[in-house]
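Visitor: First the structure, which I've put down as structure tokens, then a few questions once you've had a look.
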There are 2 protein chains.
Amino acid sequence: MSQAVDAVEVIATKRDGGQLSNQQIDWVIAAYTRGEVAEEQMSALAMAILLNGMTRAEVFRWTEAMISSGVRMQLAPQALGGRPTTDKHSTGGVGDKITLPLAPLVAACGAAVPQLSGRGLGHTGGTLDKLESIAGWRATLTGDEFMAQLREVGAVICAASDDLAPADKKLYRLRDVTGTVESIPLIASSIMSKKIAEGTGALVLDVKVGSGAFMKDLGRARELAETMVALGTDHGVRTVALLTDMQTPLGLTAGNALEVRESVEVLQGGGPADVVELTLALASEMLEAAGLAGVDPADRLQDGSAMDVWRRMVQAQGGDPDAPLPEARETHSVPAPADGVLVGLDAHAVGVAAWRLGAGRARKEDPVQAGAGVVMHAKPGATVRGGEPLFTLHTDTPERFERAAEVLSAAVVIAPEGSSPDLPPLVLDRVVAR
Amino acid sequence: MSQAVDAVEVIATKRDGGQLSNQQIDWVIAAYTRGEVAEEQMSALAMAILLNGMTRAEVFRWTEAMISSGVRMQLAPQALGGRPTTDKHSTGGVGDKITLPLAPLVAACGAAVPQLSGRGLGHTGGTLDKLESIAGWRATLTGDEFMAQLREVGAVICAASDDLAPADKKLYRLRDVTGTVESIPLIASSIMSKKIAEGTGALVLDVKVGSGAFMKDLGRARELAETMVALGTDHGVRTVALLTDMQTPLGLTAGNALEVRESVEVLQGGGPADVVELTLALASEMLEAAGLAGVDPADRLQDGSAMDVWRRMVQAQGGDPDAPLPEARETHSVPAPADGVLVGLDAHAVGVAAWRLGAGRARKEDPVQAGAGVVMHAKPGATVRGGEPLFTLHTDTPERFERAAEVLSAAVVIAPEGSSPDLPPLVLDRVVAR
């Protein structure tokens, strides 16, 4: 090459609608990770990508470069007692506690689940925040602890180490403050760089659609799913995606300890029907992608073997599965406004209410309340009575009740008795590699 | 207002193709100036503006907010011995030394010229860099010195003070490193915020078009001119623009001291025809806009009164108009490659050659060589002889000759004898307020 690549030249290429070369992408990601490309340069590039898009080849290389900014883990089945690896990633929704019952369930079926998770920001909770409501449980493991637990228990849910796609960590923080989150190439490469670097052999994506999800409409959700499936496939990871409904919250709880309790109910063979349905659907996909299609996960929920893996998984990370879960200091009941049939329960509003009660954080450094959140006493389709409790709000900071109740009052649609809600199926579609 | 404005919300509005409100614009410029909106947030916004544009109302308010980030000067004619103020701004070209003869010429015709200028970056030189090749001359004046010189001499060319549109200073630096220079709303508001804040009553814009100019095509140059004329007019400044050719360099020199020498030739009643033509065209516009249309500037060049103002202007800023100008340590002759008629002499290439010889800077903090540059021995239309000097290169760093000569070799087009070049007129068009 006759000349060093220059940040302004890379930005100008994308600004003017051009395609970034492999050399430009490799250089800009590596130089950004080293701090040689400034934050203000990367944010201008991110905005140009958001507005002008990237081709499949560019997204592939961009993801590759983010993986190469750190280490790519090796998780060979022979190092894991013959267990094939399979993982799941959700784009995030309200009441989405599926990872908690799912990881031990799939491990109980013979796979290894290396789930590296994050914390929540905004109205959707984070898996690590939920698990941290269990006394003693810790999110951080050494590499050796991670491998040993994966081999012996079959499931790990923990924080990603700093050497996994460090470029993505920097870029994710930058996008959050610069209005450049909503770009399908940037979302897809962010998710997939971490999942591919984590070393899983198979991956199932749960791409949520609806008011409580990042993607509000099916078309964009499908585009995101197709981009991610292509990225996984191109990197040798067997990848499939389900498009699932997030117009209504999942289950009857939104909040950290509240969701752990509901997850344990599912592992005990009970729990809300929608949580069970989605857990089993995702488990089947994960097992099929891992070459374990002959196992029926529903059996493992009923026979207690999934629950057994859960207990060992929690204990292996210092947690006490028998310790009582934290409860919020105060509760407040929100009654149904009228008699009738609940035909709408807006997921976004429930998420915002839980967040306002203290279950979520506004900034990365904020703490969360383990006991805070919303319990729903009815889901769409149920008959409700005016004045009877529709929600119970939980918080340590009762001054927040009012603003949470306010957002919930707009979340509920009650139709005359005899009506039935027009609900989409939970699994809207399935996207496979083409 | 129910809620504080937030940087991400402002960015998202423009990202999604919306129109920024007055409140959003006022807040984002003020908060950026105070350092509360981060550089990476402003660069994302600048890229969104570049790609999605701004309405006339938005550009007006953006400019207004940049003016309000600092002081707006008052230059009433009664404080200037009755002289009306009039100024000129050029978007920058190769060999564009017009400000040097123009300011004293217009002052000699009875106006006051409050020219706040900048330094050069890249292949076009800066007016202050040129004047600093005069022994003793200083670019920085106090407010009192500025007013006294404007009143007594009628012309000041000096550096803008830090309290004039400080938001623009910050944003200009940011745009330079983030690929967000090429936006007509951002260019227009940057230029006009400084010129309006400077307090001139009339303004003539020299918008250059062609290879050596920032605007390569007439359509975009016209759009920029119309935007700036509208901005000036809307702010009560009588504003007119000339679109002028910058396919070929202006005059026979590009370089700091070399251009001062050529400017003095013009003030002595000589100099290259194109420099004289453009100086007189701009002087007439400046005088007309200032209400002094009865004066013929050509007379003032011939009778020595413009030269007299030049000497007083240089002396008032500590310079010695009689001191010999600096000369480069070494020169190198570049011969014409063949016999024929010179039909093309690319301005951009000449600018880059002068820059490589040391006349310009790559980064803001670089020094410039006063004596470096290019002397042209022929302009398009002239007959040349193969082997005879076409250019003389001047530099203190002769290792740079080769790369300068290299770019010049591609700049020259020679046609068989008897050909004549297809040259556009120097003044391509005139844009007035609508």
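Each chain in the structure tokens gets a letter, A, B, ..., in the order shown, and its residues are numbered from 1; ligands are numbered from 1 in order too.
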Give the residues of chain A that lie within 6 Å of chain B; count only C-alpha atoms, and format the answer as a PDB file with C-alpha atoms, in the first residue's frame.
Guide:
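What follows is the written file selection09.pdb:
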ATOM      1  CA  VAL A   8     -11.072  11.181   7.533  1.00  0.00           C
ATOM      2  CA  ILE A  11     -15.326   8.503   7.090  1.00  0.00           C
ATOM      3  CA  ALA A  12     -15.557  10.277   3.723  1.00  0.00           C
ATOM      4  CA  GLU A  39     -14.187   9.048  19.635  1.00  0.00           C
ATOM      5  CA  GLU A  40     -15.491  11.974  17.559  1.00  0.00           C
ATOM      6  CA  GLN A  41     -14.158  10.350  14.395  1.00  0.00           C
ATOM      7  CA  SER A  43     -19.097   8.655  15.987  1.00  0.00           C
ATOM      8  CA  ALA A  44     -19.118  10.476  12.633  1.00  0.00           C
ATOM      9  CA  MET A  47     -23.647   8.061  11.846  1.00  0.00           C
ATOM     10  CA  THR A 178     -24.349   9.664  20.016  1.00  0.00           C
ATOM     11  CA  GLY A 179     -27.722   8.551  18.663  1.00  0.00           C
TER      12      GLY A 179
END
Visitor: Applying 12 Å and only C-alpha atoms, which residues near Ala289 (chain A) remain after dropping the ones on its own chain fewer than 5 positions away? List them as a list of chain:residue names.
Guide: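 That gives A:Pro84, A:Thr85, A:Thr86, A:Asp87, A:Lys88, A:Val106, A:Ala111, A:Thr200, A:Gly201, A:Ala202, A:Leu203, A:Val204, A:Leu205, A:Thr233, A:Val237, A:Arg238, A:Thr239, A:Val240, A:Ala241, A:Leu282, A:Ala283, A:Ser284, A:Gly294, A:Val432, A:Ala433.
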Visitor: Tell me, which residues of region 297-394 of chain B carry DSSP strand (DSSP E), written as a VMD selection string?
Guide: chain B and resid 330 to 335 340 to 345 373 to 376 383 to 384 389 to 394
Visitor: Near Ala370 (chain A), counting only C-alpha atoms, which residues have an atom at most 8 Å away, once you skip same-chain residues fewer than 6 positions from it, shown as a ChimeraX atom specification?
Guide: /A:129-130,132-133,255-257,326-328,359
Visitor: Would you mind listing what lies within 9 Å of Ala79 (chain A) as an MDAnalysis selection string, with only C-alpha atoms counted and same-chain residues fewer than 4 positions away left out?
Guide: chainID A and resid 75 83 147 151
Visitor: For Ala160 (chain A), which residue out of A:Ile98, A:Ala139, A:Ala293, A:Val374 is the nearest one, using only C-alpha atoms?
Guide: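 Closest to Ala160 (chain A) of all the choices is A:Ala139.
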Visitor: From region 355-411 of chain B, collect each residue whose DSSP state is alpha helix (DSSP H) and return the set as number ranges by chain.
Guide: B: 355-357, 401-409
Visitor: Let me see the file: selected residues, N, CA and C atoms, as a CSV table (one decimal), in the first residue's frame.
Guide:
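So the final result, stored in selection19.csv, reads:
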chain,number,residue,atom,x,y,z
B,355,TRP,N,2.1,23.9,-1.5
B,355,TRP,CA,2.0,23.4,-0.2
B,355,TRP,C,3.1,22.4,0.1
B,356,ARG,N,3.5,21.6,-0.9
B,356,ARG,CA,4.6,20.6,-0.7
B,356,ARG,C,5.9,21.3,-0.5
B,357,LEU,N,6.0,22.5,-1.2
B,357,LEU,CA,7.3,23.2,-1.1
B,357,LEU,C,7.4,23.9,0.3
B,401,PHE,N,11.6,19.4,-3.8
B,401,PHE,CA,11.4,19.8,-5.2
B,401,PHE,C,10.8,18.7,-6.0
B,402,GLU,N,11.3,17.5,-5.8
B,402,GLU,CA,10.8,16.4,-6.6
B,402,GLU,C,9.3,16.1,-6.6
B,403,ARG,N,8.8,16.1,-5.3
B,403,ARG,CA,7.3,15.8,-5.2
B,403,ARG,C,6.5,17.0,-5.7
B,404,ALA,N,7.0,18.2,-5.6
B,404,ALA,CA,6.3,19.4,-6.2
B,404,ALA,C,6.3,19.3,-7.7
B,405,ALA,N,7.5,19.0,-8.3
B,405,ALA,CA,7.6,18.9,-9.7
B,405,ALA,C,6.7,17.8,-10.3
B,406,GLU,N,6.6,16.7,-9.5
B,406,GLU,CA,5.8,15.6,-9.9
B,406,GLU,C,4.3,16.0,-10.1
B,407,VAL,N,3.8,16.7,-9.1
B,407,VAL,CA,2.3,17.1,-9.2
B,407,VAL,C,2.1,18.1,-10.3
B,408,LEU,N,3.1,19.0,-10.5
B,408,LEU,CA,3.0,20.0,-11.6
B,408,LEU,C,3.0,19.4,-13.0
B,409,SER,N,3.8,18.3,-13.1
B,409,SER,CA,3.9,17.7,-14.5
B,409,SER,C,2.5,17.3,-15.0
Visitor: Using only C-alpha atoms, which protein or nucleic acid residues come within 10 Å of Phe60 (chain A)? Drop anything in the same chain fewer than 3 positions from it, and give the result as a PyMOL selection string.
Guide: chain A and resi 22+54-57+63-65+185+188-189+192-193+227-228+230-232+234-235
Visitor: Could you write those residues out with N, CA and C atoms, as a tab-separated table (two decimals), in the first residue's frame?
Guide:
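Writing the result to selection_19.tsv gives the following:
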chain	number	residue	atom	x	y	z
A	22	ASN	N	-11.67	-3.75	2.83
A	22	ASN	CA	-11.22	-4.57	3.97
A	22	ASN	C	-10.11	-3.85	4.73
A	54	MET	N	-24.40	-0.61	5.20
A	54	MET	CA	-23.21	-1.39	4.84
A	54	MET	C	-23.67	-2.60	4.04
A	55	THR	N	-22.83	-3.04	3.12
A	55	THR	CA	-23.12	-4.26	2.36
A	55	THR	C	-22.87	-5.47	3.26
A	56	ARG	N	-23.33	-6.65	2.80
A	56	ARG	CA	-23.08	-7.87	3.57
A	56	ARG	C	-21.58	-8.10	3.75
A	57	ALA	N	-20.81	-7.80	2.71
A	57	ALA	CA	-19.36	-7.99	2.79
A	57	ALA	C	-18.75	-7.04	3.82
A	63	THR	N	-17.43	-7.12	11.51
A	63	THR	CA	-17.60	-8.06	12.63
A	63	THR	C	-16.29	-8.80	12.88
A	64	GLU	N	-15.68	-9.26	11.80
A	64	GLU	CA	-14.39	-9.95	11.86
A	64	GLU	C	-13.34	-9.08	12.57
A	65	ALA	N	-13.31	-7.80	12.20
A	65	ALA	CA	-12.32	-6.88	12.80
A	65	ALA	C	-12.61	-6.67	14.29
A	185	PRO	N	-26.63	-2.80	10.68
A	185	PRO	CA	-25.26	-3.34	10.60
A	185	PRO	C	-24.48	-3.21	11.92
A	188	ALA	N	-26.09	-5.71	14.52
A	188	ALA	CA	-25.78	-7.10	14.17
A	188	ALA	C	-24.31	-7.41	14.44
A	189	SER	N	-23.41	-6.51	14.07
A	189	SER	CA	-21.98	-6.79	14.27
A	189	SER	C	-21.62	-6.75	15.74
A	192	MET	N	-23.03	-10.13	17.19
A	192	MET	CA	-22.39	-11.32	16.65
A	192	MET	C	-20.89	-11.36	16.92
A	193	SER	N	-20.23	-10.21	17.03
A	193	SER	CA	-18.80	-10.26	17.33
A	193	SER	C	-18.58	-10.89	18.70
A	227	THR	N	-29.44	-10.57	8.83
A	227	THR	CA	-28.05	-10.12	8.87
A	227	THR	C	-27.25	-10.94	9.88
A	228	MET	N	-27.84	-11.18	11.04
A	228	MET	CA	-27.10	-11.91	12.07
A	228	MET	C	-26.93	-13.39	11.72
A	230	ALA	N	-26.72	-14.60	8.74
A	230	ALA	CA	-25.68	-14.65	7.71
A	230	ALA	C	-24.30	-14.49	8.33
A	231	LEU	N	-24.17	-13.57	9.29
A	231	LEU	CA	-22.87	-13.35	9.94
A	231	LEU	C	-22.39	-14.59	10.68
A	232	GLY	N	-23.31	-15.22	11.44
A	232	GLY	CA	-22.94	-16.43	12.17
A	232	GLY	C	-22.52	-17.52	11.21
A	234	ASP	N	-21.51	-17.30	8.09
A	234	ASP	CA	-20.25	-16.98	7.40
A	234	ASP	C	-19.04	-17.23	8.30
A	235	HIS	N	-19.23	-17.18	9.61
A	235	HIS	CA	-18.13	-17.42	10.55
A	235	HIS	C	-18.13	-18.85	11.07
Visitor: Expressed in Å to a single decimal, how great is the separation between CA of Glu330 (chain B) and CA of Glu265 (chain B)?
Guide: 23.2 Å
Visitor: Distance CA of Val343 (chain B)-CA of Pro389 (chain B), one decimal place?
Guide: 16.3 Å
Visitor: Write out as a PDB file with N, CA and C atoms, in the first residue's frame which residues come within 10 Å of region 344-349 of chain A when counting only C-alpha atoms, dropping same-chain ones fewer than 4 positions away.
Guide:
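Contents of the output file result_13.pdb:
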ATOM      1  N   GLY A  93     -36.186  -7.895  25.879  1.00  0.00           N
ATOM      2  CA  GLY A  93     -37.598  -7.563  25.986  1.00  0.00           C
ATOM      3  C   GLY A  93     -37.991  -7.444  27.438  1.00  0.00           C
ATOM      4  N   VAL A  94     -39.238  -7.083  27.662  1.00  0.00           N
ATOM      5  CA  VAL A  94     -39.728  -6.857  29.019  1.00  0.00           C
ATOM      6  C   VAL A  94     -40.198  -8.183  29.604  1.00  0.00           C
ATOM      7  N   GLY A  95     -39.674  -8.535  30.787  1.00  0.00           N
ATOM      8  CA  GLY A  95     -40.012  -9.820  31.404  1.00  0.00           C
ATOM      9  C   GLY A  95     -39.281 -10.981  30.765  1.00  0.00           C
ATOM     10  N   HIS A 123     -35.180   0.268  29.734  1.00  0.00           N
ATOM     11  CA  HIS A 123     -36.386  -0.395  30.248  1.00  0.00           C
ATOM     12  C   HIS A 123     -36.339  -1.917  30.178  1.00  0.00           C
ATOM     13  N   THR A 124     -35.307  -2.528  29.565  1.00  0.00           N
ATOM     14  CA  THR A 124     -35.221  -3.992  29.598  1.00  0.00           C
ATOM     15  C   THR A 124     -34.143  -4.403  30.583  1.00  0.00           C
ATOM     16  N   GLY A 210     -41.898  -5.565  18.627  1.00  0.00           N
ATOM     17  CA  GLY A 210     -43.069  -4.977  19.274  1.00  0.00           C
ATOM     18  C   GLY A 210     -42.690  -3.836  20.186  1.00  0.00           C
ATOM     19  N   SER A 211     -43.668  -3.287  20.879  1.00  0.00           N
ATOM     20  CA  SER A 211     -43.464  -2.053  21.638  1.00  0.00           C
ATOM     21  C   SER A 211     -42.373  -2.189  22.700  1.00  0.00           C
ATOM     22  N   GLY A 212     -42.253  -3.381  23.286  1.00  0.00           N
ATOM     23  CA  GLY A 212     -41.281  -3.560  24.361  1.00  0.00           C
ATOM     24  C   GLY A 212     -39.906  -3.929  23.854  1.00  0.00           C
ATOM     25  N   ALA A 213     -39.770  -4.055  22.526  1.00  0.00           N
ATOM     26  CA  ALA A 213     -38.506  -4.507  21.946  1.00  0.00           C
ATOM     27  C   ALA A 213     -37.792  -3.342  21.289  1.00  0.00           C
ATOM     28  N   PHE A 214     -36.533  -3.586  20.975  1.00  0.00           N
ATOM     29  CA  PHE A 214     -35.775  -2.589  20.270  1.00  0.00           C
ATOM     30  C   PHE A 214     -36.315  -2.396  18.848  1.00  0.00           C
ATOM     31  N   MET A 246     -43.072  -9.204  21.194  1.00  0.00           N
ATOM     32  CA  MET A 246     -42.776  -8.438  22.409  1.00  0.00           C
ATOM     33  C   MET A 246     -43.706  -7.226  22.501  1.00  0.00           C
ATOM     34  N   GLN A 247     -44.948  -7.439  22.074  1.00  0.00           N
ATOM     35  CA  GLN A 247     -45.958  -6.398  22.258  1.00  0.00           C
ATOM     36  C   GLN A 247     -46.485  -6.452  23.694  1.00  0.00           C
ATOM     37  N   THR A 248     -46.457  -7.658  24.251  1.00  0.00           N
ATOM     38  CA  THR A 248     -46.931  -7.941  25.613  1.00  0.00           C
ATOM     39  C   THR A 248     -45.721  -8.475  26.391  1.00  0.00           C
ATOM     40  N   PRO A 249     -45.608  -8.173  27.694  1.00  0.00           N
ATOM     41  CA  PRO A 249     -44.459  -8.708  28.443  1.00  0.00           C
ATOM     42  C   PRO A 249     -44.486 -10.233  28.478  1.00  0.00           C
ATOM     43  N   LEU A 250     -43.319 -10.827  28.682  1.00  0.00           N
ATOM     44  CA  LEU A 250     -43.224 -12.279  28.853  1.00  0.00           C
ATOM     45  C   LEU A 250     -43.497 -12.621  30.308  1.00  0.00           C
ATOM     46  N   ALA A 254     -41.834  -8.497  35.908  1.00  0.00           N
ATOM     47  CA  ALA A 254     -40.727  -7.719  35.319  1.00  0.00           C
ATOM     48  C   ALA A 254     -39.965  -7.111  36.483  1.00  0.00           C
ATOM     49  N   ALA A 353     -42.280   1.098  33.734  1.00  0.00           N
ATOM     50  CA  ALA A 353     -42.738   1.110  35.131  1.00  0.00           C
ATOM     51  C   ALA A 353     -41.737   0.383  36.021  1.00  0.00           C
ATOM     52  N   ALA A 354     -41.289  -0.797  35.600  1.00  0.00           N
ATOM     53  CA  ALA A 354     -40.324  -1.561  36.398  1.00  0.00           C
ATOM     54  C   ALA A 354     -39.028  -0.768  36.560  1.00  0.00           C
ATOM     55  N   TRP A 355     -38.636  -0.117  35.488  1.00  0.00           N
ATOM     56  CA  TRP A 355     -37.416   0.688  35.485  1.00  0.00           C
ATOM     57  C   TRP A 355     -37.570   1.853  36.477  1.00  0.00           C
ATOM     58  N   MET A 376     -47.742  -8.781  37.336  1.00  0.00           N
ATOM     59  CA  MET A 376     -49.010  -8.656  36.606  1.00  0.00           C
ATOM     60  C   MET A 376     -49.947  -9.752  37.095  1.00  0.00           C
ATOM     61  N   ALA A 378     -52.918 -10.326  35.538  1.00  0.00           N
ATOM     62  CA  ALA A 378     -53.689 -10.804  34.387  1.00  0.00           C
ATOM     63  C   ALA A 378     -52.875 -10.562  33.134  1.00  0.00           C
ATOM     64  N   LYS A 379     -53.066 -11.417  32.136  1.00  0.00           N
ATOM     65  CA  LYS A 379     -52.456 -11.226  30.819  1.00  0.00           C
ATOM     66  C   LYS A 379     -53.593 -11.109  29.805  1.00  0.00           C
ATOM     67  N   PRO A 380     -53.322 -10.606  28.615  1.00  0.00           N
ATOM     68  CA  PRO A 380     -54.401 -10.436  27.629  1.00  0.00           C
ATOM     69  C   PRO A 380     -55.201 -11.733  27.424  1.00  0.00           C
ATOM     70  N   GLY A 381     -56.507 -11.546  27.388  1.00  0.00           N
ATOM     71  CA  GLY A 381     -57.415 -12.686  27.284  1.00  0.00           C
ATOM     72  C   GLY A 381     -58.152 -12.942  28.590  1.00  0.00           C
ATOM     73  N   ALA A 404     -44.677   5.264  38.274  1.00  0.00           N
ATOM     74  CA  ALA A 404     -44.823   3.928  37.690  1.00  0.00           C
ATOM     75  C   ALA A 404     -46.296   3.641  37.387  1.00  0.00           C
ATOM     76  N   ALA A 405     -47.173   3.989  38.343  1.00  0.00           N
ATOM     77  CA  ALA A 405     -48.607   3.746  38.142  1.00  0.00           C
ATOM     78  C   ALA A 405     -49.122   4.561  36.957  1.00  0.00           C
ATOM     79  N   GLU A 406     -48.571   5.761  36.818  1.00  0.00           N
ATOM     80  CA  GLU A 406     -48.960   6.658  35.729  1.00  0.00           C
ATOM     81  C   GLU A 406     -48.720   6.012  34.367  1.00  0.00           C
ATOM     82  N   VAL A 407     -47.535   5.443  34.183  1.00  0.00           N
ATOM     83  CA  VAL A 407     -47.223   4.857  32.873  1.00  0.00           C
ATOM     84  C   VAL A 407     -48.045   3.586  32.658  1.00  0.00           C
ATOM     85  N   LEU A 408     -48.334   2.859  33.757  1.00  0.00           N
ATOM     86  CA  LEU A 408     -49.116   1.627  33.598  1.00  0.00           C
ATOM     87  C   LEU A 408     -50.570   1.918  33.229  1.00  0.00           C
ATOM     88  N   SER A 409     -51.101   3.044  33.717  1.00  0.00           N
ATOM     89  CA  SER A 409     -52.510   3.336  33.444  1.00  0.00           C
ATOM     90  C   SER A 409     -52.757   3.455  31.944  1.00  0.00           C
ATOM     91  N   ALA A 410     -51.725   3.878  31.199  1.00  0.00           N
ATOM     92  CA  ALA A 410     -51.883   4.012  29.746  1.00  0.00           C
ATOM     93  C   ALA A 410     -51.577   2.707  29.019  1.00  0.00           C
ATOM     94  N   ALA A 411     -51.154   1.673  29.787  1.00  0.00           N
ATOM     95  CA  ALA A 411     -50.693   0.431  29.155  1.00  0.00           C
ATOM     96  C   ALA A 411     -51.790  -0.589  28.966  1.00  0.00           C
ATOM     97  N   VAL A 412     -52.928  -0.324  29.593  1.00  0.00           N
ATOM     98  CA  VAL A 412     -53.975  -1.337  29.703  1.00  0.00           C
ATOM     99  C   VAL A 412     -55.146  -1.011  28.778  1.00  0.00           C
ATOM    100  N   VAL A 413     -55.604  -2.011  28.024  1.00  0.00           N
ATOM    101  CA  VAL A 413     -56.824  -1.846  27.223  1.00  0.00           C
ATOM    102  C   VAL A 413     -57.824  -2.907  27.676  1.00  0.00           C
ATOM    103  N   ILE A 414     -58.997  -2.455  28.146  1.00  0.00           N
ATOM    104  CA  ILE A 414     -60.037  -3.388  28.590  1.00  0.00           C
ATOM    105  C   ILE A 414     -61.238  -3.250  27.650  1.00  0.00           C
ATOM    106  N   ALA A 415     -61.684  -4.388  27.113  1.00  0.00           N
ATOM    107  CA  ALA A 415     -62.826  -4.408  26.183  1.00  0.00           C
ATOM    108  C   ALA A 415     -64.026  -5.032  26.902  1.00  0.00           C
ATOM    109  N   PRO A 421     -58.998 -10.865  22.692  1.00  0.00           N
ATOM    110  CA  PRO A 421     -57.906 -10.038  22.160  1.00  0.00           C
ATOM    111  C   PRO A 421     -57.381 -10.594  20.846  1.00  0.00           C
ATOM    112  N   ASP A 422     -56.890  -9.699  20.036  1.00  0.00           N
ATOM    113  CA  ASP A 422     -56.308 -10.077  18.749  1.00  0.00           C
ATOM    114  C   ASP A 422     -54.802 -10.240  18.952  1.00  0.00           C
ATOM    115  N   LEU A 423     -54.406 -11.431  19.410  1.00  0.00           N
ATOM    116  CA  LEU A 423     -52.999 -11.620  19.779  1.00  0.00           C
ATOM    117  C   LEU A 423     -52.231 -12.365  18.695  1.00  0.00           C
TER     118      LEU A 423
END
Visitor: So the first atom is CA of Glu285 (chain A) and the second is CA of Arg261 (chain A); what is the distance between them in Å, to one decimal place?
Guide: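 Value for the CA of Glu285 (chain A)-CA of Arg261 (chain A) distance: 24.9 Å.
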